[in-house]
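So the structure is just underneath, and the comments pick up after that.
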Amino acid sequence: MPDQLIWGMEVFLNGLMAGVLYALVALGFVLIYKASGIFNFAQGVLALFAALTLVGIMEGQVPFSHLINAVFGTEIHHFGWHVPALLAILLTMVVMVALAWAVNQFIFRHLVGQEPIILFMATIGLAYFLEGFGDMMWGSDIKKLDVGLPQGINSAIDEVTYNIFGYGFFIDNLDLWATLVAALLVIALVIFAQFSKHGRAMRAVADDHQAALSVGISLNFIWVMVWSLAGFVALVAGIMWGTKSGVQFSLSLIALKALPVLMLGGFTSIPGAIVGGLIIGVGEKLFEFTIGAPYLGGATEIWFAYVLALIFLVFRPQGLFGEKIIERV
Amino acid sequence: MKDMDADGYITEDGRKIGGVVMEMRNITLRFGGVVAIKDISFDIREGEIRAIIGPNGAGKSSMLNVISGFYNPQEGEVYYKGERRPPMKPYQVAQQGIARTFQNIALFEGMTVLDNVMTGRIRQMNAGLLSQAIWKGKAEREEVRNREAVEKIIDFLEIQHIRKTPVGRLPYGLKKRVELARALAAEPSILLLDEPMAGMNVEEKEDMSRFILDVNDEFGTTIALIEHDMGVVMDLSDRVVVMDYGKKIGDGTPDEVRNNQDVIDAYLGVAHD
């Protein structure tokens, strides 16, 4: 087998797994959009905030320590304990649920029935607030996140591929884990949305508020639930990206990568978010490998996704899996 | 129906009407300076078909919205199953077993008929979030049981052929029927119908009348309905409340109401001196 093809396969596999990470972020967008019609610009910052909180809890950092020290002239930074990863993840989830409640209570409850653009602006405000709040709470230095996920080259795959092709594929253990987790998450979310009481209630709320009320669905409960779910997805995405590249401000920018994923997959489809993520992940890696690096001077990964999304917008604006808009006249 | 005591009576066609299940006492509802409902009292008995009629703008829909919790009256009390009901959110009223339909139809357009009717079963589902998330145990059993109940209602209202169709694609008459199915799925103790026959042709009206009578007959469901088509109402209902300009001008059997001078004046108009 020619070397080019074998390398291409490796690139393809790596692209798939990068795509899973994009899909994870896009999933958070889809969830909130489906249930409340809000395009949540803050999803990326939500992931950053979740990762910051997780690291903070694990390291036993004192929240708002800079603020406290500045006001009282003290010098406290750490409680001096370390929390095990699993417990810290649970505690972070509690924080995310509390945040979901607060977001609904103080922002979106008051904006019921407003234009989508106003809700969108509110999420932009939320994004900036949360960014500053996260910084103030946990500090703005780059942090290392290690929840015990295996990292580095997967030697089994390396060995197997070496025996077959005479060339070992480099596949990161972390990417494998991310793929597994994302797959499970998606299956669970699809089943939840399609076949459970609260999932159905969630879709009902997205469709018609009055009708939802008349069958006994509490709007506030569903909204808090949805923001908590989005918080949970953000936490998972935060863990994966944070472990990969450290917990830092740029984590919030992954939200921008989720936009082309959504345009491809459709804003209302959970499977669409996954397939869209995979297409973008594979597409940008393969494009870089086959055309970008040899002919265009490289670094095409930065813009490839957006160009692909643009092409999609022209030919299929509702995305691959989005609901086709049927309007009776 | 001569013997209308507290425990109920038997109608001429042999149906059993029970005691009072809901009572409105001196309800007054204002929107700013406009008085939509003025000091109205009436009751609804178990198992009966109770109609609220009146010309346009009489306050019928407002009354229904008071019963279903969409509006909270400024004055007056609502008694449900013998207990005074505090001001409530619509979803809480629904959870107490009062289901409704809307004049302009409020269905989940993007969902299938089956899913729409399933949302009506929310009250019958108690599995926790966790059980639902992993789709085991209680959640799974409940879903199967509720699905059976829903299929029965779908059969009953003759909408089997559109079970998997998204509601947005259905014609008006069928949508009305799906909405009735969803309300019925809740196994309500009171079913509120807001102009169930509005905008229908004669044939559709006859179908709907038949379904309303069948539902009442088969499941013994208490029904309160609003309608301004006098003819339909008189044939369907056991007792009728007549409203005009927010006031109650008549209350009784269809025959009593038909011969009430105030009602005749309201519907036919009267010369003011």
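Labeling convention for the structure tokens: chains A, B, ... as they appear, residues from 1 per chain, ligands from 1 in order of appearance.
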
I'd like a table as a Markdown table: residues in region 208-230 of chain B with an atom no more than 7 Å from region 185-201 of chain B, each row giving the shortest atom pair and its distance in Å to one decimal, only C-alpha atoms counted, sorted by chain and rising residue number.
```
| residue | atom | partner | partner_atom | distance |
| --- | --- | --- | --- | --- |
| B:Met208 | CA | B:Met197 | CA | 6.9 |
| B:Thr221 | CA | B:Ser189 | CA | 6.5 |
| B:Thr222 | CA | B:Ile190 | CA | 4.9 |
| B:Ile223 | CA | B:Leu191 | CA | 4.7 |
| B:Ala224 | CA | B:Leu192 | CA | 4.9 |
| B:Leu225 | CA | B:Leu193 | CA | 4.5 |
| B:Ile226 | CA | B:Glu195 | CA | 5.1 |
| B:Glu227 | CA | B:Glu195 | CA | 4.8 |
```

Please determine the contact residues of chain B with respect to chain A at a cut-off of 9 Å, counting only C-alpha atoms, and supply them as a count of residues only.
47

For CA of Glu148 (chain B) and CA of Pro166 (chain B), quote the distance in Å rounded to one decimal.
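Computing the Euclidean distance for CA of Glu148 (chain B) and CA of Pro166 (chain B) yields 20.0 Å.
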
Option closest in space to Val247 (chain A), from A:Ala26, A:Ile311, A:Ala47, A:Ile302 [counting only C-alpha atoms]
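Nearest to Val247 (chain A): A:Ala47.
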
By how many Å are CA of Val282 (chain A) and CA of Leu16 (chain A) apart?
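These two atoms are separated by 5.2 Å.
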
Excluding Val233 (chain A) and its own-chain neighbours fewer than 2 positions away, which residues fall within 9 Å of it when counting only C-alpha atoms? Please give them as a tab-separated table (two decimals) with N, CA and C atoms, in the first residue's frame.
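Printed below is part.tsv as written:
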```tsv
chain	number	residue	atom	x	y	z
A	24	LEU	N	-19.17	17.59	20.55
A	24	LEU	CA	-19.53	17.74	21.97
A	24	LEU	C	-19.98	19.16	22.29
A	25	VAL	N	-19.25	20.12	21.74
A	25	VAL	CA	-19.62	21.52	22.00
A	25	VAL	C	-20.92	21.86	21.28
A	27	LEU	N	-23.30	20.01	20.55
A	27	LEU	CA	-24.42	19.36	21.23
A	27	LEU	C	-25.06	20.27	22.27
A	28	GLY	N	-24.23	20.98	22.99
A	28	GLY	CA	-24.74	21.91	24.00
A	28	GLY	C	-25.61	22.98	23.37
A	47	ALA	N	-18.32	25.95	28.95
A	47	ALA	CA	-17.33	24.88	29.02
A	47	ALA	C	-16.09	25.34	29.78
A	185	LEU	N	-22.88	9.67	25.37
A	185	LEU	CA	-23.66	10.87	25.71
A	185	LEU	C	-24.76	11.10	24.68
A	228	SER	N	-29.23	22.97	32.71
A	228	SER	CA	-28.38	22.03	33.46
A	228	SER	C	-27.78	21.01	32.51
A	229	LEU	N	-28.60	20.50	31.61
A	229	LEU	CA	-28.10	19.54	30.62
A	229	LEU	C	-26.98	20.17	29.79
A	230	ALA	N	-27.22	21.41	29.35
A	230	ALA	CA	-26.19	22.11	28.57
A	230	ALA	C	-24.93	22.29	29.41
A	231	GLY	N	-25.13	22.57	30.71
A	231	GLY	CA	-24.00	22.69	31.63
A	231	GLY	C	-23.24	21.38	31.73
A	235	LEU	N	-19.51	20.66	30.69
A	235	LEU	CA	-18.53	20.08	31.62
A	235	LEU	C	-17.73	18.97	30.95
A	236	VAL	N	-18.45	18.10	30.23
A	236	VAL	CA	-17.76	17.00	29.54
A	236	VAL	C	-16.80	17.58	28.49
A	237	ALA	N	-17.30	18.54	27.71
A	237	ALA	CA	-16.45	19.17	26.70
A	237	ALA	C	-15.26	19.86	27.36
A	238	GLY	N	-15.53	20.53	28.50
A	238	GLY	CA	-14.47	21.22	29.23
A	238	GLY	C	-13.40	20.26	29.71
```

Spatial neighbours of region 127-133 of chain A, 9 Å, only C-alpha atoms, chain gap at least 3 places, as a compact mmCIF listing (two decimals) with C-alpha atoms, in the first residue's frame:
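Final output, saved to around01.txt:
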```txt
# COMPACT_ATOMS: atom_id res chain seq x y z
CA ASN A 40 -26.70 30.19 23.32
CA PHE A 41 -23.56 32.10 22.49
CA ALA A 42 -22.29 31.40 26.01
CA GLN A 43 -21.90 27.65 25.46
CA GLY A 44 -18.12 27.92 24.95
CA VAL A 45 -17.69 30.05 28.04
CA LEU A 46 -19.88 27.57 29.90
CA LEU A 48 -14.49 27.14 30.18
CA PHE A 49 -16.31 27.93 33.41
CA ALA A 122 -28.66 38.21 26.36
CA THR A 123 -26.51 35.10 25.88
CA ILE A 124 -23.67 37.28 24.56
CA MET A 136 -12.48 36.48 39.35
CA MET A 137 -13.50 33.26 41.02
CA TRP A 138 -10.59 31.06 40.00
CA PHE A 249 -9.26 31.49 28.06
CA SER A 252 -14.12 29.46 25.21
```

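Within 9 Å of Val113 (chain B), once only C-alpha atoms are used and residues closer than 6 positions along the same chain are dropped, the contacting residues are B:Ile159, B:Ile162, B:Arg163, B:Lys164, B:Thr165, B:Pro166, B:Val167, B:Lys175, B:Val178, B:Arg182.
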
Mind listing the helix (DSSP H, G or I) residues of region 15-83 of chain A, per DSSP on the backbone, as JSON, numbers by chain?
{"A": [15, 16, 17, 18, 19, 20, 21, 22, 23, 24, 25, 26, 27, 28, 29, 30, 31, 32, 33, 34, 35, 36, 43, 44, 45, 46, 47, 48, 49, 50, 51, 52, 53, 54, 55, 56, 57, 58, 59, 65, 66, 67, 68, 69, 70, 71, 72]}

For the selection you just gave me, I'd like the residues written to a file as a short mmCIF file (atom, residue, chain, number, x, y, z; two decimals), in the first residue's frame, keeping N, CA and C atoms.
```
data_model
loop_
_atom_site.label_atom_id
_atom_site.label_comp_id
_atom_site.auth_asym_id
_atom_site.auth_seq_id
_atom_site.Cartn_x
_atom_site.Cartn_y
_atom_site.Cartn_z
N GLY A 15 -8.90 12.92 12.37
CA GLY A 15 -9.94 13.88 12.06
C GLY A 15 -11.27 13.50 12.69
N LEU A 16 -11.57 12.21 12.62
CA LEU A 16 -12.80 11.71 13.23
C LEU A 16 -12.85 12.09 14.70
N MET A 17 -11.73 11.89 15.37
CA MET A 17 -11.74 12.11 16.81
C MET A 17 -11.72 13.60 17.18
N ALA A 18 -11.09 14.40 16.34
CA ALA A 18 -11.19 15.85 16.56
C ALA A 18 -12.64 16.27 16.36
N GLY A 19 -13.28 15.64 15.38
CA GLY A 19 -14.67 15.95 15.09
C GLY A 19 -15.59 15.66 16.26
N VAL A 20 -15.29 14.59 16.97
CA VAL A 20 -16.10 14.24 18.14
C VAL A 20 -16.06 15.36 19.16
N LEU A 21 -14.89 15.95 19.32
CA LEU A 21 -14.78 17.04 20.29
C LEU A 21 -15.57 18.27 19.84
N TYR A 22 -15.55 18.55 18.53
CA TYR A 22 -16.38 19.66 18.03
C TYR A 22 -17.85 19.35 18.30
N ALA A 23 -18.20 18.10 18.03
CA ALA A 23 -19.60 17.69 18.18
C ALA A 23 -20.07 17.87 19.62
N LEU A 24 -19.17 17.59 20.55
CA LEU A 24 -19.53 17.74 21.97
C LEU A 24 -19.98 19.16 22.29
N VAL A 25 -19.25 20.12 21.74
CA VAL A 25 -19.62 21.52 22.00
C VAL A 25 -20.92 21.86 21.28
N ALA A 26 -21.01 21.40 20.02
CA ALA A 26 -22.21 21.70 19.23
C ALA A 26 -23.46 21.15 19.89
N LEU A 27 -23.30 20.01 20.55
CA LEU A 27 -24.42 19.36 21.23
C LEU A 27 -25.06 20.27 22.27
N GLY A 28 -24.23 20.98 22.99
CA GLY A 28 -24.74 21.91 24.00
C GLY A 28 -25.61 22.98 23.37
N PHE A 29 -25.17 23.49 22.20
CA PHE A 29 -25.96 24.49 21.48
C PHE A 29 -27.33 23.92 21.10
N VAL A 30 -27.29 22.72 20.51
CA VAL A 30 -28.52 22.11 19.98
C VAL A 30 -29.55 21.91 21.10
N LEU A 31 -29.06 21.45 22.23
CA LEU A 31 -29.97 21.17 23.36
C LEU A 31 -30.77 22.41 23.74
N ILE A 32 -30.07 23.50 23.96
CA ILE A 32 -30.75 24.72 24.39
C ILE A 32 -31.62 25.27 23.27
N TYR A 33 -31.11 25.20 22.04
CA TYR A 33 -31.90 25.73 20.93
C TYR A 33 -33.19 24.95 20.75
N LYS A 34 -33.12 23.64 20.89
CA LYS A 34 -34.31 22.81 20.71
C LYS A 34 -35.37 23.11 21.76
N ALA A 35 -34.93 23.37 22.97
CA ALA A 35 -35.90 23.49 24.05
C ALA A 35 -36.38 24.90 24.29
N SER A 36 -35.61 25.89 23.86
CA SER A 36 -36.04 27.24 24.20
C SER A 36 -35.93 28.20 23.04
N GLN A 43 -22.22 29.07 25.26
CA GLN A 43 -21.90 27.65 25.46
C GLN A 43 -20.39 27.41 25.63
N GLY A 44 -19.57 28.08 24.85
CA GLY A 44 -18.12 27.92 24.95
C GLY A 44 -17.61 28.38 26.30
N VAL A 45 -18.11 29.53 26.75
CA VAL A 45 -17.69 30.05 28.04
C VAL A 45 -18.18 29.13 29.16
N LEU A 46 -19.35 28.53 28.93
CA LEU A 46 -19.88 27.57 29.90
C LEU A 46 -18.90 26.41 30.08
N ALA A 47 -18.32 25.95 28.95
CA ALA A 47 -17.33 24.88 29.02
C ALA A 47 -16.09 25.34 29.78
N LEU A 48 -15.66 26.58 29.49
CA LEU A 48 -14.49 27.14 30.18
C LEU A 48 -14.77 27.24 31.68
N PHE A 49 -15.94 27.75 32.01
CA PHE A 49 -16.31 27.93 33.41
C PHE A 49 -16.35 26.58 34.13
N ALA A 50 -16.92 25.56 33.46
CA ALA A 50 -17.01 24.23 34.05
C ALA A 50 -15.61 23.68 34.31
N ALA A 51 -14.71 23.85 33.32
CA ALA A 51 -13.35 23.34 33.47
C ALA A 51 -12.61 24.08 34.59
N LEU A 52 -12.77 25.40 34.64
CA LEU A 52 -12.13 26.21 35.70
C LEU A 52 -12.60 25.75 37.07
N THR A 53 -13.92 25.56 37.20
CA THR A 53 -14.48 25.15 38.47
C THR A 53 -13.96 23.78 38.87
N LEU A 54 -13.89 22.88 37.89
CA LEU A 54 -13.41 21.53 38.17
C LEU A 54 -11.97 21.56 38.69
N VAL A 55 -11.11 22.29 37.98
CA VAL A 55 -9.72 22.39 38.42
C VAL A 55 -9.65 23.02 39.81
N GLY A 56 -10.42 24.12 39.98
CA GLY A 56 -10.42 24.83 41.26
C GLY A 56 -10.80 23.91 42.41
N ILE A 57 -11.84 23.12 42.21
CA ILE A 57 -12.29 22.22 43.28
C ILE A 57 -11.26 21.13 43.53
N MET A 58 -10.73 20.57 42.45
CA MET A 58 -9.74 19.49 42.61
C MET A 58 -8.50 19.97 43.36
N GLU A 59 -8.06 21.19 43.03
CA GLU A 59 -6.83 21.72 43.65
C GLU A 59 -7.09 22.33 45.02
N SER A 65 -10.25 34.22 45.71
CA SER A 65 -9.15 34.49 46.64
C SER A 65 -8.48 35.83 46.35
N HIS A 66 -8.37 36.19 45.06
CA HIS A 66 -7.74 37.48 44.73
C HIS A 66 -8.54 38.63 45.32
N LEU A 67 -9.85 38.50 45.18
CA LEU A 67 -10.74 39.54 45.68
C LEU A 67 -10.63 39.64 47.20
N ILE A 68 -10.69 38.48 47.84
CA ILE A 68 -10.62 38.44 49.30
C ILE A 68 -9.30 39.03 49.78
N ASN A 69 -8.21 38.61 49.12
CA ASN A 69 -6.90 39.08 49.52
C ASN A 69 -6.76 40.59 49.32
N ALA A 70 -7.33 41.07 48.23
CA ALA A 70 -7.23 42.50 47.94
C ALA A 70 -8.00 43.32 48.96
N VAL A 71 -9.16 42.82 49.36
CA VAL A 71 -10.01 43.58 50.28
C VAL A 71 -9.50 43.50 51.71
N PHE A 72 -9.13 42.29 52.14
CA PHE A 72 -8.78 42.11 53.55
C PHE A 72 -7.28 42.07 53.80
#
```

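Separating CA of Glu75 (chain B) from CA of Arg45 (chain B) is a distance of 22.6 Å.
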
Show me, as a compact mmCIF listing (two decimals) with N, CA and C atoms, in the first residue's frame, the residues that have an atom within 8 Å of Asn154 (chain A) when counting only C-alpha atoms, minus same-chain residues fewer than 2 positions from it.
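Result saved to around_35.txt:
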```txt
# COMPACT_ATOMS: atom_id res chain seq x y z
N GLY A 152 -1.59 10.21 25.68
CA GLY A 152 -0.42 9.72 24.95
C GLY A 152 -0.81 8.66 23.94
N ALA A 156 -1.52 -0.18 21.62
CA ALA A 156 -2.17 -1.32 20.98
C ALA A 156 -2.43 -1.03 19.51
N ILE A 157 -3.02 0.14 19.26
CA ILE A 157 -3.30 0.51 17.87
C ILE A 157 -2.00 0.68 17.08
N ASP A 158 -1.02 1.27 17.75
CA ASP A 158 0.29 1.47 17.13
C ASP A 158 0.84 0.13 16.65
N PHE A 170 -0.45 6.95 14.90
CA PHE A 170 -0.44 7.66 16.17
C PHE A 170 -1.86 8.09 16.54
N ILE A 171 -2.44 7.37 17.50
CA ILE A 171 -3.78 7.72 17.97
C ILE A 171 -3.68 8.01 19.46
N ASP A 172 -4.15 9.18 19.86
CA ASP A 172 -4.06 9.56 21.27
C ASP A 172 -5.14 8.87 22.09
N ASN A 173 -4.72 8.32 23.23
CA ASN A 173 -5.67 7.66 24.12
C ASN A 173 -6.82 8.59 24.51
```

Would you kindly return, as a PyMOL selection string, each protein, DNA or RNA residue with an atom no farther than 12 Å from any atom of Ile52 (chain B), considering only C-alpha atoms and excluding same-chain residues fewer than 3 positions away?
chain B and resi 40+42-44+49+55+58-64+192-195+223-230+233-234+236-244+246-254+257

Tell me which of A:Phe165, A:Phe221, A:Phe287, A:Phe39 sits closest to Thr268 (chain A), counting only C-alpha atoms.
A:Phe39

Please build the interface table for region 98-215 of chain A against region 82-93 of chain A with a cut-off of 9 Å, listing for each qualifying residue the nearest atom pair and the distance in Å to one decimal; count only C-alpha atoms, order rows by chain and increasing number, and write it as CSV.
```
residue,atom,partner,partner_atom,distance
A:Ala98,CA,A:Met93,CA,8.5
A:Asp146,CA,A:Ala85,CA,8.2
A:Val147,CA,A:Ala85,CA,5.2
A:Gly148,CA,A:Ala85,CA,7.5
```

Which of region 70-200 of chain B end up as strand (DSSP E) when DSSP is run on this backbone - answer as a PyMOL selection string?
chain B and resi 75-80+83-84+98-100+190-194

Restricting the output to N, CA and C atoms, write the selected residues as a CSV table (one decimal), in the first residue's frame.
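Contents of the output file selection-v6.csv:
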```
chain,number,residue,atom,x,y,z
B,75,GLU,N,-61.6,39.0,42.1
B,75,GLU,CA,-62.5,38.6,43.2
B,75,GLU,C,-63.2,37.3,43.0
B,76,GLY,N,-63.7,36.7,44.1
B,76,GLY,CA,-64.4,35.4,43.9
B,76,GLY,C,-63.5,34.2,44.3
B,77,GLU,N,-64.2,33.1,44.4
B,77,GLU,CA,-63.5,31.9,44.8
B,77,GLU,C,-63.8,30.8,43.8
B,78,VAL,N,-62.8,29.9,43.7
B,78,VAL,CA,-63.0,28.7,42.9
B,78,VAL,C,-62.9,27.5,43.8
B,79,TYR,N,-64.0,26.7,43.8
B,79,TYR,CA,-63.9,25.5,44.7
B,79,TYR,C,-63.8,24.3,43.7
B,80,TYR,N,-62.8,23.4,44.0
B,80,TYR,CA,-62.6,22.3,43.2
B,80,TYR,C,-62.6,21.0,44.1
B,83,GLU,N,-62.9,21.8,47.8
B,83,GLU,CA,-61.9,22.6,48.5
B,83,GLU,C,-61.6,23.9,47.7
B,84,ARG,N,-61.4,25.0,48.5
B,84,ARG,CA,-61.1,26.2,47.8
B,84,ARG,C,-59.7,26.1,47.2
B,98,ILE,N,-57.4,19.0,35.4
B,98,ILE,CA,-58.3,19.8,34.5
B,98,ILE,C,-57.6,20.0,33.2
B,99,ALA,N,-58.1,19.3,32.1
B,99,ALA,CA,-57.5,19.4,30.8
B,99,ALA,C,-58.3,20.3,30.0
B,100,ARG,N,-57.7,20.9,28.9
B,100,ARG,CA,-58.4,21.8,28.1
B,100,ARG,C,-57.9,21.8,26.6
B,190,ILE,N,-62.1,17.1,34.8
B,190,ILE,CA,-62.9,18.0,34.1
B,190,ILE,C,-62.2,18.3,32.7
B,191,LEU,N,-63.0,18.2,31.7
B,191,LEU,CA,-62.5,18.5,30.3
B,191,LEU,C,-63.1,19.8,29.9
B,192,LEU,N,-62.2,20.8,29.6
B,192,LEU,CA,-62.7,22.1,29.1
B,192,LEU,C,-62.5,22.2,27.6
B,193,LEU,N,-63.5,22.5,26.9
B,193,LEU,CA,-63.4,22.6,25.5
B,193,LEU,C,-63.8,24.0,25.1
B,194,ASP,N,-62.8,24.7,24.5
B,194,ASP,CA,-63.0,26.1,24.1
B,194,ASP,C,-63.4,26.1,22.6
```

From the list A:His78, A:Gly277, A:Met263, A:Thr290, which residue is nearest Arg316 (chain A) when using only C-alpha atoms?
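Using only C-alpha atoms, Arg316 (chain A) sits closest to A:Met263.
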